[in-house]
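Take a look at the structure below.
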There are 2 protein chains.
Amino acid sequence: MPPAVPNTTRNGRSSIQLAPMEVPKASDVLANELRERILSGDYVEGTPLPPERELVVQTKMSRTTVREALRILEVQGLVRIKAGRAGGAFVQRPGEQSMADTVALLIRGRQIRLAALLETREAIEPFCAQLAARHRTDEDLARLDAANDDIAGAGDNLDDFLQANIDWHVAVASASHNELLSGLMISLSRAIYAATENEGFIDDKVREITVKAHRSVTRAIREKDSEAAVRRMSRHVHSYAESIKDFEKRTDIPLDE
Amino acid sequence: MPPAVPNTTRNGRSSIQLAPMEVPKASDVLANELRERILSGDYVEGTPLPPERELVVQTKMSRTTVREALRILEVQGLVRIKAGRAGGAFVQRPGEQSMADTVALLIRGRQIRLAALLETREAIEPFCAQLAARHRTDEDLARLDAANDDIAGAGDNLDDFLQANIDWHVAVASASHNELLSGLMISLSRAIYAATENEGFIDDKVREITVKAHRSVTRAIREKDSEAAVRRMSRHVHSYAESIKDFEKRTDIPLDE
DNA sequence: TGGTATATTAGGTCTGACCGTTAGACCAGA
DNA sequence: TCTGGTCTAACGGTCAGACCTAATATACCA
């Protein structure tokens with residue numbers, strides 16, 4: 001309850017207390033305003049925002065400020081900016097891509113250990129497989145089969161093999177129809193790929209096992225057997241992670257001698 | 001295999017194929033250059049980039065362009081920009097916060113269903129608990145205990161309860177010392193909070209169960225019993241998700257009659 | 001010694017101009 | 001009827017320069 005009369009302290013000053021205040025920049029204000037409108041669904045995906053010069057008139061801000069605001073939204077994946085006549089800022093809903101980009105930055109910036117990536121994958125991917133078995137469509141199956149074929153047809157080319165490997169894992173994630181999980185898996189796969197490609201650990205035996213494991217998981221997903229899907233995927237990613245750990249142990253020791 | 005002599009089609013035209021080409025903008029070029037340098041560790045965290053006007057001299061670009069590049073890096077969480085003398089763009093490594101922000105955008109933008117959020121949490125959080133039990137420090141324990149106390153002391157205030165609830169879940173995630181998982185959990189918790197706060201589903205019984213479950217998980221983490229941690233957490237989040245599903249079923253049906 | 005001007009250095013904003021790209025309309029030659 | 005050239009208007013992209021505002025270092029004074 002506030003005192004009845006003016007707040008004063010012993011020195012006669014007002015004792016009004018203020019918290020540290022944020023003074024947002026003009027471009028942030030505009031960006032926040034536009035972001036709210038976009039996220040609240042005021043604009044349908046694909047509709048263009050007003051041209052920069054029009055926004056200048058409406059907001060009484062300078063073009064510099066307007067452009068910075070649009071740039072912010074672009075980086076956040078909320079608009080796609082096209083130049084030229086009939087260009088402009090077109091509303092976009094953020095997707096798996098923007099999430100994958102952020103995760104990639106986090107991984108590189110914090111130099112996340114390969115072990116942590118594999119850990120995270122062990123947490124997520126079996127669950128993806130489970131959901132995929134429940135929610136997969138025929139299209140999802142087609143993508144899985146295509147990736148399986150690519151893996152088999154990769155021959156001795158390591159890059160082709162790894163790429164097809166990623167495609168399969170991403171296909172499983174997409175089949176879960178949970179965009180949170182699939183976005184995460186996309187970036188995880190890419191990061192694991194990058195960390196794995198220069199290690200000589202992928203030999204013929206690993207490939208053979210991989211192909212087999214993928215086929216058996218795919219089968220479970222096809223048959224909508226979520227129990228089997230989660231079990232097989234769990235086994236697959238776990239043993240893959242163990243193999244890498246073993247491999248690193250084997251290759252690290254000689255360096256110490 | 002390409003034909004031996006000029007590629008032609010039936011109308012005698014060349015059939016050379018070109019993919020759509022990207023023409024990067026000046027500000028993107030600069031942003032990419034700086035980003036590479038930051039991520040490759042050329043600058044230690046906290047070191048200031050050259051002042052804008054200095055970059056103008058070095059790059060021969062205009063200040064507008066330089067500023068846009070810096071703004072891009074700021075949004076991506078790679079620099080923190082301070083105004084005033086001794087201000088500038090200070091190198092920062094992207095952290096959980098930037099990831100949480102992106103995930104929040106994804107959730108709002110795609111209007112991810114509450115069910116999907118809960119699904120994702122079921123995938124991730126037990127694993128977090130497991131890692132937390134292995135890697136927790138005394139500080140982590142202190143945070144967990146503090147959150148537990150706050151929950152108990154929340155009284156009848158719903159907001160306090162939900163906030164303390166979040167704090168506990170986030171504390172578990174942090175204790176896993178896997179920044180990927182903790183970033184995800186931070187935004188996940190916040191989103192679930194937002195989706196839950198206006199539903200009248202949190203009654204005294206739910207609270208009681210929650211407090212109990214948290215304490216038992218905390219105990220497992222304290223004792224570094226990862227098996228128990230994963231089991232108890234799994235049970236907790238699963239039953240919470242089931243309760244919400246039940247609640248929604250109960251409250252939806254009357255609307256149809 | 002401790003507070004208070006003042007100068008300095010940084011980012012933030014604005015103005016106005018011009019450049020580059022693109023869609024669309026129109027025209028001319030094969 | 002195609003094909004390519006040309007023009008125009010509508011966009012975003014870039015630039016140069018000025019001024020405002022915030023934060024700090026530093027000299028100064030009580």
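By order of appearance in the structure tokens: chains A, B, ..., then residues from 1 within every chain, and ligands from 1 in the order shown.
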
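If you lay chain B over chain A with a least-squares fit on the Cα atoms, the RMSD you get is 1.9 Å.
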
**Request:** Find the residues in chain B near chain D: any atom within 10 Å counts, using only C-alpha atoms (C1' of nucleotides). Write them as a list in words.
**Result:**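 Contact residues on the first chain: Lys25, Ala26, Ser27, Met61, Ser62, Arg63, Thr64, Thr65, Lys82, Ala83, Gly84, Arg85, Ala86 and Gly87 of chain B.
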
Chain C residues near chain A within 8 Å, closest pair each, using only C-alpha atoms (C1' of nucleotides), as a tab-separated table:
residue	atom	partner	partner_atom	distance
C:DG12	C1'	A:Lys25	CA	7.8
C:DT13	C1'	A:Thr65	CA	7.3
C:DC14	C1'	A:Ser62	CA	5.9
C:DT21	C1'	A:Gly84	CA	4.7
C:DT22	C1'	A:Gly84	CA	4.4
C:DA23	C1'	A:Arg85	CA	6.0

What would the file look like if the residues just selected were written as a JSON list (two decimals), in the first residue's frame with C-alpha atoms (C1' of nucleotides)?
[["chain", "number", "residue", "atom", "x", "y", "z"],
["C", 12, "DG", "C1'", 21.57, 5.23, -34.32],
["C", 13, "DT", "C1'", 18.89, 7.83, -37.52],
["C", 14, "DC", "C1'", 17.85, 10.64, -41.39],
["C", 21, "DT", "C1'", 17.28, -6.02, -61.57],
["C", 22, "DT", "C1'", 13.00, -7.38, -63.13],
["C", 23, "DA", "C1'", 8.09, -7.63, -65.10]]

**Asked** Taking the backbone alone, and naming residues the way the document does, which bits of segment 8-238 of chain A are alpha helix (DSSP H) by DSSP, as JSON, numbers by chain?
**Response** {"A": [26, 27, 28, 29, 30, 31, 32, 33, 34, 35, 36, 37, 38, 39, 52, 53, 54, 55, 56, 57, 58, 59, 63, 64, 65, 66, 67, 68, 69, 70, 71, 72, 73, 74, 75, 96, 97, 98, 99, 100, 101, 102, 103, 104, 105, 106, 107, 108, 109, 114, 115, 116, 117, 118, 119, 120, 121, 122, 123, 124, 125, 126, 127, 128, 129, 130, 131, 132, 133, 134, 135, 138, 139, 140, 141, 142, 143, 144, 145, 146, 147, 148, 149, 150, 151, 152, 158, 159, 160, 161, 162, 163, 164, 165, 166, 167, 168, 169, 170, 171, 172, 173, 174, 175, 179, 180, 181, 182, 183, 184, 185, 186, 187, 188, 189, 190, 191, 192, 193, 194, 195, 196, 204, 205, 206, 207, 208, 209, 210, 211, 212, 213, 214, 215, 216, 217, 218, 219, 220, 221, 222, 226, 227, 228, 229, 230, 231, 232, 233, 234, 235, 236, 237, 238]}

Fewer than 3 positions away in the same chain doesn't count, so skip those; otherwise give me all residues within 6 Å of segment 174-191 of chain A, counting only C-alpha atoms (C1' of nucleotides), as a CSV table (one decimal) with C-alpha atoms, in the first residue's frame.
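To be explicit, this is the file written out as selection19.csv:
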chain,number,residue,atom,x,y,z
A,96,GLU,CA,12.9,-26.6,-40.5
A,99,MET,CA,16.0,-24.1,-37.3
A,100,ALA,CA,18.7,-26.3,-38.9
A,128,CYS,CA,11.1,-40.2,-34.6
A,131,LEU,CA,6.1,-41.6,-34.6
A,132,ALA,CA,6.9,-42.3,-38.2
A,136,ARG,CA,3.8,-42.3,-42.1
A,140,ASP,CA,7.1,-40.9,-46.8
A,166,ILE,CA,21.5,-38.5,-44.3
A,170,VAL,CA,15.9,-37.1,-42.6
A,171,ALA,CA,13.2,-39.1,-44.4
A,194,ALA,CA,30.6,-33.2,-41.4
